[in-house]
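Structure below is model.cif: mmCIF, N, CA and C atoms.
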```cif
data_start
#
loop_
_atom_site.label_atom_id
_atom_site.label_comp_id
_atom_site.auth_asym_id
_atom_site.auth_seq_id
_atom_site.Cartn_x
_atom_site.Cartn_y
_atom_site.Cartn_z
N MET A 14 -19.14 24.47 -12.43
CA MET A 14 -18.47 24.43 -11.14
C MET A 14 -17.49 23.25 -11.06
N GLU A 15 -17.87 22.10 -11.57
CA GLU A 15 -17.03 20.92 -11.49
C GLU A 15 -15.70 21.13 -12.24
N LYS A 16 -15.74 21.73 -13.41
CA LYS A 16 -14.53 21.97 -14.20
C LYS A 16 -13.60 22.94 -13.46
N LYS A 17 -14.16 23.96 -12.85
CA LYS A 17 -13.35 24.91 -12.11
C LYS A 17 -12.65 24.22 -10.93
N LEU A 18 -13.39 23.38 -10.22
CA LEU A 18 -12.80 22.66 -9.10
C LEU A 18 -11.63 21.79 -9.58
N MET A 19 -11.87 21.08 -10.68
CA MET A 19 -10.83 20.21 -11.23
C MET A 19 -9.61 21.04 -11.65
N ASP A 20 -9.83 22.16 -12.30
CA ASP A 20 -8.73 23.04 -12.70
C ASP A 20 -7.96 23.55 -11.49
N ASP A 21 -8.68 23.90 -10.43
CA ASP A 21 -8.04 24.38 -9.20
C ASP A 21 -7.17 23.27 -8.57
N ILE A 22 -7.71 22.07 -8.54
CA ILE A 22 -6.96 20.95 -7.97
C ILE A 22 -5.71 20.67 -8.79
N LEU A 23 -5.86 20.64 -10.10
CA LEU A 23 -4.70 20.39 -10.96
C LEU A 23 -3.67 21.49 -10.84
N SER A 24 -4.13 22.70 -10.63
CA SER A 24 -3.23 23.82 -10.43
C SER A 24 -2.42 23.63 -9.14
N LYS A 25 -3.08 23.16 -8.10
CA LYS A 25 -2.40 22.91 -6.82
C LYS A 25 -1.40 21.75 -6.96
N VAL A 26 -1.75 20.75 -7.73
CA VAL A 26 -0.83 19.63 -7.97
C VAL A 26 0.41 20.14 -8.69
N GLU A 27 0.20 20.99 -9.68
CA GLU A 27 1.32 21.61 -10.41
C GLU A 27 2.18 22.44 -9.45
N GLU A 28 1.54 23.14 -8.56
CA GLU A 28 2.25 23.94 -7.56
C GLU A 28 3.10 23.04 -6.66
N LEU A 29 2.52 21.90 -6.24
CA LEU A 29 3.25 20.94 -5.41
C LEU A 29 4.48 20.41 -6.17
N LYS A 30 4.29 20.06 -7.43
CA LYS A 30 5.40 19.58 -8.26
C LYS A 30 6.50 20.64 -8.33
N ASN A 31 6.12 21.89 -8.54
CA ASN A 31 7.11 22.97 -8.61
C ASN A 31 7.82 23.18 -7.28
N MET A 32 7.11 22.99 -6.18
CA MET A 32 7.73 23.11 -4.86
C MET A 32 8.79 22.03 -4.68
N ILE A 33 8.47 20.83 -5.12
CA ILE A 33 9.43 19.72 -5.01
C ILE A 33 10.65 20.02 -5.87
N ILE A 34 10.42 20.44 -7.11
CA ILE A 34 11.52 20.72 -8.04
C ILE A 34 12.40 21.87 -7.56
N SER A 35 11.82 22.81 -6.85
CA SER A 35 12.62 23.93 -6.36
C SER A 35 13.23 23.67 -4.98
N SER A 36 12.96 22.50 -4.41
CA SER A 36 13.50 22.19 -3.07
C SER A 36 15.00 21.93 -3.13
N ASP A 37 15.66 22.17 -2.01
CA ASP A 37 17.09 21.91 -1.91
C ASP A 37 17.38 20.42 -2.13
N GLU A 38 16.49 19.56 -1.66
CA GLU A 38 16.69 18.13 -1.80
C GLU A 38 16.71 17.70 -3.27
N TYR A 39 15.78 18.26 -4.04
CA TYR A 39 15.72 17.92 -5.47
C TYR A 39 16.95 18.48 -6.20
N LYS A 40 17.31 19.71 -5.88
CA LYS A 40 18.47 20.32 -6.52
C LYS A 40 19.75 19.53 -6.22
N GLU A 41 19.88 19.09 -4.98
CA GLU A 41 21.04 18.28 -4.59
C GLU A 41 21.04 16.94 -5.34
N TYR A 42 19.87 16.33 -5.43
CA TYR A 42 19.74 15.07 -6.17
C TYR A 42 20.16 15.26 -7.63
N LYS A 43 19.63 16.29 -8.29
CA LYS A 43 19.95 16.54 -9.71
C LYS A 43 21.45 16.79 -9.89
N LYS A 44 22.04 17.57 -8.99
CA LYS A 44 23.47 17.86 -9.07
C LYS A 44 24.27 16.56 -8.97
N ASN A 45 23.92 15.73 -7.99
CA ASN A 45 24.63 14.47 -7.80
C ASN A 45 24.40 13.49 -8.94
N LYS A 46 23.20 13.48 -9.49
CA LYS A 46 22.90 12.61 -10.62
C LYS A 46 23.73 13.01 -11.83
N ASN A 47 23.83 14.31 -12.08
CA ASN A 47 24.64 14.80 -13.20
C ASN A 47 26.11 14.44 -13.04
N LEU A 48 26.62 14.58 -11.81
CA LEU A 48 28.02 14.20 -11.54
C LEU A 48 28.23 12.71 -11.80
N LEU A 49 27.26 11.92 -11.38
CA LEU A 49 27.34 10.47 -11.58
C LEU A 49 27.27 10.13 -13.07
N ASP A 50 26.32 10.76 -13.76
CA ASP A 50 26.14 10.49 -15.20
C ASP A 50 27.36 10.88 -16.02
N ASN A 51 28.13 11.83 -15.53
CA ASN A 51 29.30 12.30 -16.28
C ASN A 51 30.61 11.64 -15.85
N ASN A 52 30.52 10.69 -14.95
CA ASN A 52 31.72 9.99 -14.49
C ASN A 52 31.83 8.66 -15.25
N LYS A 53 32.76 8.62 -16.20
CA LYS A 53 32.90 7.45 -17.07
C LYS A 53 33.27 6.19 -16.29
N GLU A 54 34.11 6.34 -15.28
CA GLU A 54 34.55 5.18 -14.50
C GLU A 54 33.37 4.56 -13.73
N ILE A 55 32.56 5.40 -13.13
CA ILE A 55 31.39 4.90 -12.40
C ILE A 55 30.42 4.23 -13.37
N LYS A 56 30.20 4.86 -14.51
CA LYS A 56 29.29 4.28 -15.51
C LYS A 56 29.80 2.92 -15.97
N LYS A 57 31.10 2.79 -16.11
CA LYS A 57 31.70 1.52 -16.54
C LYS A 57 31.46 0.44 -15.47
N ILE A 58 31.66 0.80 -14.22
CA ILE A 58 31.45 -0.16 -13.13
C ILE A 58 29.99 -0.60 -13.08
N ILE A 59 29.08 0.35 -13.20
CA ILE A 59 27.65 0.03 -13.18
C ILE A 59 27.31 -0.90 -14.34
N SER A 60 27.87 -0.64 -15.48
CA SER A 60 27.65 -1.49 -16.65
C SER A 60 28.18 -2.91 -16.40
N GLN A 61 29.35 -3.00 -15.80
CA GLN A 61 29.93 -4.31 -15.48
C GLN A 61 29.05 -5.06 -14.48
N ILE A 62 28.52 -4.35 -13.51
CA ILE A 62 27.64 -4.98 -12.52
C ILE A 62 26.41 -5.55 -13.22
N LYS A 63 25.81 -4.76 -14.11
CA LYS A 63 24.62 -5.23 -14.83
C LYS A 63 24.93 -6.47 -15.66
N GLU A 64 26.08 -6.46 -16.32
CA GLU A 64 26.49 -7.62 -17.12
C GLU A 64 26.61 -8.87 -16.25
N LYS A 65 27.31 -8.72 -15.14
CA LYS A 65 27.52 -9.85 -14.23
C LYS A 65 26.19 -10.34 -13.65
N GLN A 66 25.29 -9.41 -13.36
CA GLN A 66 23.99 -9.80 -12.81
C GLN A 66 23.18 -10.61 -13.82
N LYS A 67 23.29 -10.25 -15.09
CA LYS A 67 22.61 -11.03 -16.14
C LYS A 67 23.18 -12.44 -16.20
N ILE A 68 24.51 -12.54 -16.11
CA ILE A 68 25.16 -13.86 -16.12
C ILE A 68 24.69 -14.68 -14.93
N ILE A 69 24.61 -14.05 -13.77
CA ILE A 69 24.16 -14.74 -12.56
C ILE A 69 22.74 -15.27 -12.74
N ILE A 70 21.86 -14.45 -13.29
CA ILE A 70 20.47 -14.87 -13.51
C ILE A 70 20.42 -16.05 -14.47
N ASN A 71 21.19 -15.98 -15.54
CA ASN A 71 21.23 -17.09 -16.50
C ASN A 71 21.76 -18.37 -15.86
N LYS A 72 22.79 -18.22 -15.03
CA LYS A 72 23.35 -19.39 -14.35
C LYS A 72 22.36 -19.96 -13.33
N GLU A 73 21.63 -19.08 -12.66
CA GLU A 73 20.60 -19.54 -11.71
C GLU A 73 19.55 -20.36 -12.45
N ASN A 74 19.12 -19.86 -13.59
CA ASN A 74 18.10 -20.56 -14.38
C ASN A 74 18.61 -21.90 -14.90
N SER A 75 19.90 -21.99 -15.17
CA SER A 75 20.49 -23.24 -15.68
C SER A 75 21.02 -24.11 -14.55
N LYS A 76 20.82 -23.64 -13.32
CA LYS A 76 21.29 -24.37 -12.13
C LYS A 76 22.81 -24.57 -12.15
N LYS A 77 23.53 -23.55 -12.65
CA LYS A 77 25.00 -23.59 -12.69
C LYS A 77 25.56 -22.77 -11.53
N ASP A 78 26.82 -23.06 -11.20
CA ASP A 78 27.49 -22.35 -10.12
C ASP A 78 27.72 -20.89 -10.52
N LYS A 79 27.31 -19.99 -9.66
CA LYS A 79 27.41 -18.55 -9.94
C LYS A 79 28.26 -17.83 -8.91
N GLU A 80 28.95 -18.60 -8.09
CA GLU A 80 29.73 -18.04 -6.99
C GLU A 80 30.79 -17.05 -7.46
N LYS A 81 31.49 -17.37 -8.53
CA LYS A 81 32.55 -16.50 -9.07
C LYS A 81 31.96 -15.13 -9.44
N GLU A 82 30.86 -15.13 -10.18
CA GLU A 82 30.22 -13.88 -10.62
C GLU A 82 29.68 -13.09 -9.43
N GLU A 83 29.13 -13.78 -8.45
CA GLU A 83 28.63 -13.09 -7.25
C GLU A 83 29.77 -12.39 -6.51
N PHE A 84 30.91 -13.06 -6.44
CA PHE A 84 32.09 -12.48 -5.81
C PHE A 84 32.55 -11.24 -6.59
N GLU A 85 32.55 -11.35 -7.92
CA GLU A 85 32.95 -10.22 -8.77
C GLU A 85 31.99 -9.04 -8.60
N VAL A 86 30.70 -9.32 -8.53
CA VAL A 86 29.71 -8.25 -8.34
C VAL A 86 29.94 -7.58 -6.98
N SER A 87 30.20 -8.39 -5.98
CA SER A 87 30.46 -7.85 -4.64
C SER A 87 31.66 -6.91 -4.67
N ASN A 88 32.71 -7.30 -5.35
CA ASN A 88 33.91 -6.44 -5.47
C ASN A 88 33.61 -5.17 -6.26
N LEU A 89 32.82 -5.31 -7.31
CA LEU A 89 32.45 -4.13 -8.10
C LEU A 89 31.64 -3.14 -7.26
N PHE A 90 30.72 -3.67 -6.45
CA PHE A 90 29.94 -2.78 -5.57
C PHE A 90 30.85 -2.09 -4.55
N ARG A 91 31.83 -2.84 -4.03
CA ARG A 91 32.78 -2.22 -3.09
C ARG A 91 33.52 -1.08 -3.76
N LYS A 92 33.93 -1.32 -5.01
CA LYS A 92 34.64 -0.29 -5.77
C LYS A 92 33.72 0.91 -6.01
N LEU A 93 32.47 0.64 -6.35
CA LEU A 93 31.49 1.71 -6.60
C LEU A 93 31.30 2.57 -5.36
N HIS A 94 31.23 1.92 -4.20
CA HIS A 94 31.03 2.65 -2.95
C HIS A 94 32.26 3.45 -2.52
N SER A 95 33.37 3.25 -3.20
CA SER A 95 34.56 4.03 -2.86
C SER A 95 34.52 5.43 -3.50
N PHE A 96 33.55 5.65 -4.40
CA PHE A 96 33.41 6.96 -5.06
C PHE A 96 32.48 7.87 -4.26
N THR A 97 32.98 9.03 -3.91
CA THR A 97 32.18 10.01 -3.19
C THR A 97 30.95 10.41 -4.00
N GLU A 98 31.12 10.56 -5.31
CA GLU A 98 29.99 10.95 -6.18
C GLU A 98 28.85 9.95 -6.08
N TYR A 99 29.19 8.67 -6.04
CA TYR A 99 28.16 7.62 -5.96
C TYR A 99 27.45 7.68 -4.61
N ASN A 100 28.22 7.78 -3.55
CA ASN A 100 27.62 7.84 -2.20
C ASN A 100 26.76 9.07 -2.02
N ASN A 101 27.21 10.21 -2.55
CA ASN A 101 26.40 11.43 -2.47
C ASN A 101 25.10 11.28 -3.24
N TYR A 102 25.18 10.64 -4.40
CA TYR A 102 23.98 10.40 -5.20
C TYR A 102 22.99 9.53 -4.42
N ILE A 103 23.48 8.44 -3.85
CA ILE A 103 22.60 7.52 -3.10
C ILE A 103 21.95 8.26 -1.93
N THR A 104 22.72 9.04 -1.21
CA THR A 104 22.19 9.79 -0.06
C THR A 104 21.12 10.78 -0.50
N SER A 105 21.41 11.54 -1.56
CA SER A 105 20.44 12.55 -2.01
C SER A 105 19.19 11.89 -2.61
N ALA A 106 19.36 10.76 -3.28
CA ALA A 106 18.20 10.05 -3.84
C ALA A 106 17.30 9.53 -2.71
N LYS A 107 17.91 9.05 -1.63
CA LYS A 107 17.12 8.57 -0.49
C LYS A 107 16.32 9.71 0.15
N LYS A 108 16.96 10.87 0.31
CA LYS A 108 16.28 12.02 0.91
C LYS A 108 15.09 12.45 0.06
N LEU A 109 15.29 12.54 -1.25
CA LEU A 109 14.21 12.93 -2.15
C LEU A 109 13.10 11.88 -2.14
N ASN A 110 13.48 10.63 -2.15
CA ASN A 110 12.50 9.54 -2.12
C ASN A 110 11.67 9.58 -0.84
N GLU A 111 12.30 9.90 0.29
CA GLU A 111 11.57 10.01 1.56
C GLU A 111 10.49 11.10 1.47
N ILE A 112 10.85 12.22 0.90
CA ILE A 112 9.88 13.32 0.76
C ILE A 112 8.71 12.89 -0.11
N ILE A 113 9.00 12.30 -1.25
CA ILE A 113 7.95 11.89 -2.18
C ILE A 113 7.09 10.80 -1.56
N THR A 114 7.71 9.87 -0.84
CA THR A 114 6.97 8.80 -0.18
C THR A 114 6.02 9.36 0.89
N LYS A 115 6.51 10.35 1.65
CA LYS A 115 5.65 10.97 2.67
C LYS A 115 4.46 11.67 2.03
N ILE A 116 4.70 12.35 0.93
CA ILE A 116 3.61 13.04 0.22
C ILE A 116 2.60 12.02 -0.29
N GLN A 117 3.10 10.94 -0.90
CA GLN A 117 2.20 9.90 -1.41
C GLN A 117 1.39 9.27 -0.29
N LYS A 118 2.04 9.02 0.84
CA LYS A 118 1.35 8.40 1.98
C LYS A 118 0.24 9.33 2.49
N ARG A 119 0.55 10.61 2.57
CA ARG A 119 -0.43 11.58 3.05
C ARG A 119 -1.63 11.63 2.11
N PHE A 120 -1.37 11.66 0.79
CA PHE A 120 -2.46 11.64 -0.18
C PHE A 120 -3.29 10.37 -0.05
N GLU A 121 -2.61 9.25 0.10
CA GLU A 121 -3.32 7.97 0.24
C GLU A 121 -4.23 7.99 1.46
N GLU A 122 -3.73 8.52 2.57
CA GLU A 122 -4.55 8.62 3.79
C GLU A 122 -5.77 9.51 3.55
N TYR A 123 -5.56 10.64 2.91
CA TYR A 123 -6.68 11.56 2.63
C TYR A 123 -7.72 10.90 1.73
N PHE A 124 -7.26 10.26 0.66
CA PHE A 124 -8.20 9.66 -0.29
C PHE A 124 -8.90 8.47 0.32
N ASN A 125 -8.23 7.72 1.16
CA ASN A 125 -8.88 6.59 1.83
C ASN A 125 -9.98 7.07 2.76
N ASN A 126 -9.78 8.23 3.37
CA ASN A 126 -10.83 8.78 4.24
C ASN A 126 -12.08 9.16 3.44
N PHE A 127 -11.89 9.57 2.20
CA PHE A 127 -13.04 9.89 1.35
C PHE A 127 -13.83 8.66 0.98
N VAL A 128 -13.11 7.59 0.69
CA VAL A 128 -13.73 6.36 0.20
C VAL A 128 -14.42 5.61 1.32
N ILE A 129 -13.84 5.60 2.48
CA ILE A 129 -14.37 4.82 3.60
C ILE A 129 -15.55 5.50 4.27
#
```
Structure translated into C-alpha cells:
Amino acid sequence: MEKKLMDDILSKVEELKNMIISSDEYKEYKKNKNLLDNNKEIKKIISQIKEKQKIIINKENSKKDKEKEEFEVSNLFRKLHSFTEYNNYITSAKKLNEIITKIQKRFEEYFNNFVI
C-alpha cells in the first residue's frame, strides 16, 4: 500500500509539472527567453555588466574607488532596459516565478500542518 501511495503522489507531482509547462505563462517565458538568448547585442551588454560587477567587487575588497564602474553598470542597465525583448523576458519571468512561489507556499502550508 505504501508504494502505491508514493507512486500516486509522484504521479500527481508529475501532472503538476506538466500543467506548469503547458501553461501560457511558461510558454510566454520560454518564448521570451529564447528571444533574449538569440539577441547578440543583449548578450553582449549582459556580459559587460557581469565584467564590470566583478571589477566592482574586486575594488570593494581592495577598498578602491569603484564609482566609475558603478556609473558604467548603471548606463549598461539603462541600455538593457531599452530592449523590448529584455523587458518582456523580465515580465514573463516574474509571472512564472509568482505562480511557482504560490505553489511552493501552498505546499509548505500543507506540510507544516502535518508536522505541527
**Prompt:** How many Å lie between atom N of His94 in chain A and atom N of Asp50 in chain A, rounded to one decimal?
**Reply:**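 Between atom N of His94 in chain A and atom N of Asp50 in chain A the gap is 13.9 Å.
Here atom N of Glu27 in chain A and CA of Asn47 in chain A stand 25.5 Å from one another.
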Subject >> Neighbour residues at most 5 Å from (26.3, 13.5, -6.6) (all atoms listed in the file) as number ranges by chain >> reply: A: 44-46, 98, 101-102
In Å, with one decimal, what is the gap from CA of Ile55 in chain A to atom N of Ser87 in chain A?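 Straight-line distance from CA of Ile55 in chain A to atom N of Ser87 in chain A works out to 14.8 Å.
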- List, as a list in words, every residue that the PyMOL selection byres ((chain A and resi 57-74) around 8) selects in the file provided. Asn52, Lys53, Glu54, Ile55, Lys56, Ser75, Lys76, Lys77, Asp78, Lys79, Glu80, Glu82, Glu83, Glu85, Val86, Ser87, Leu89, Phe90, Lys92 and Leu93 of chain A
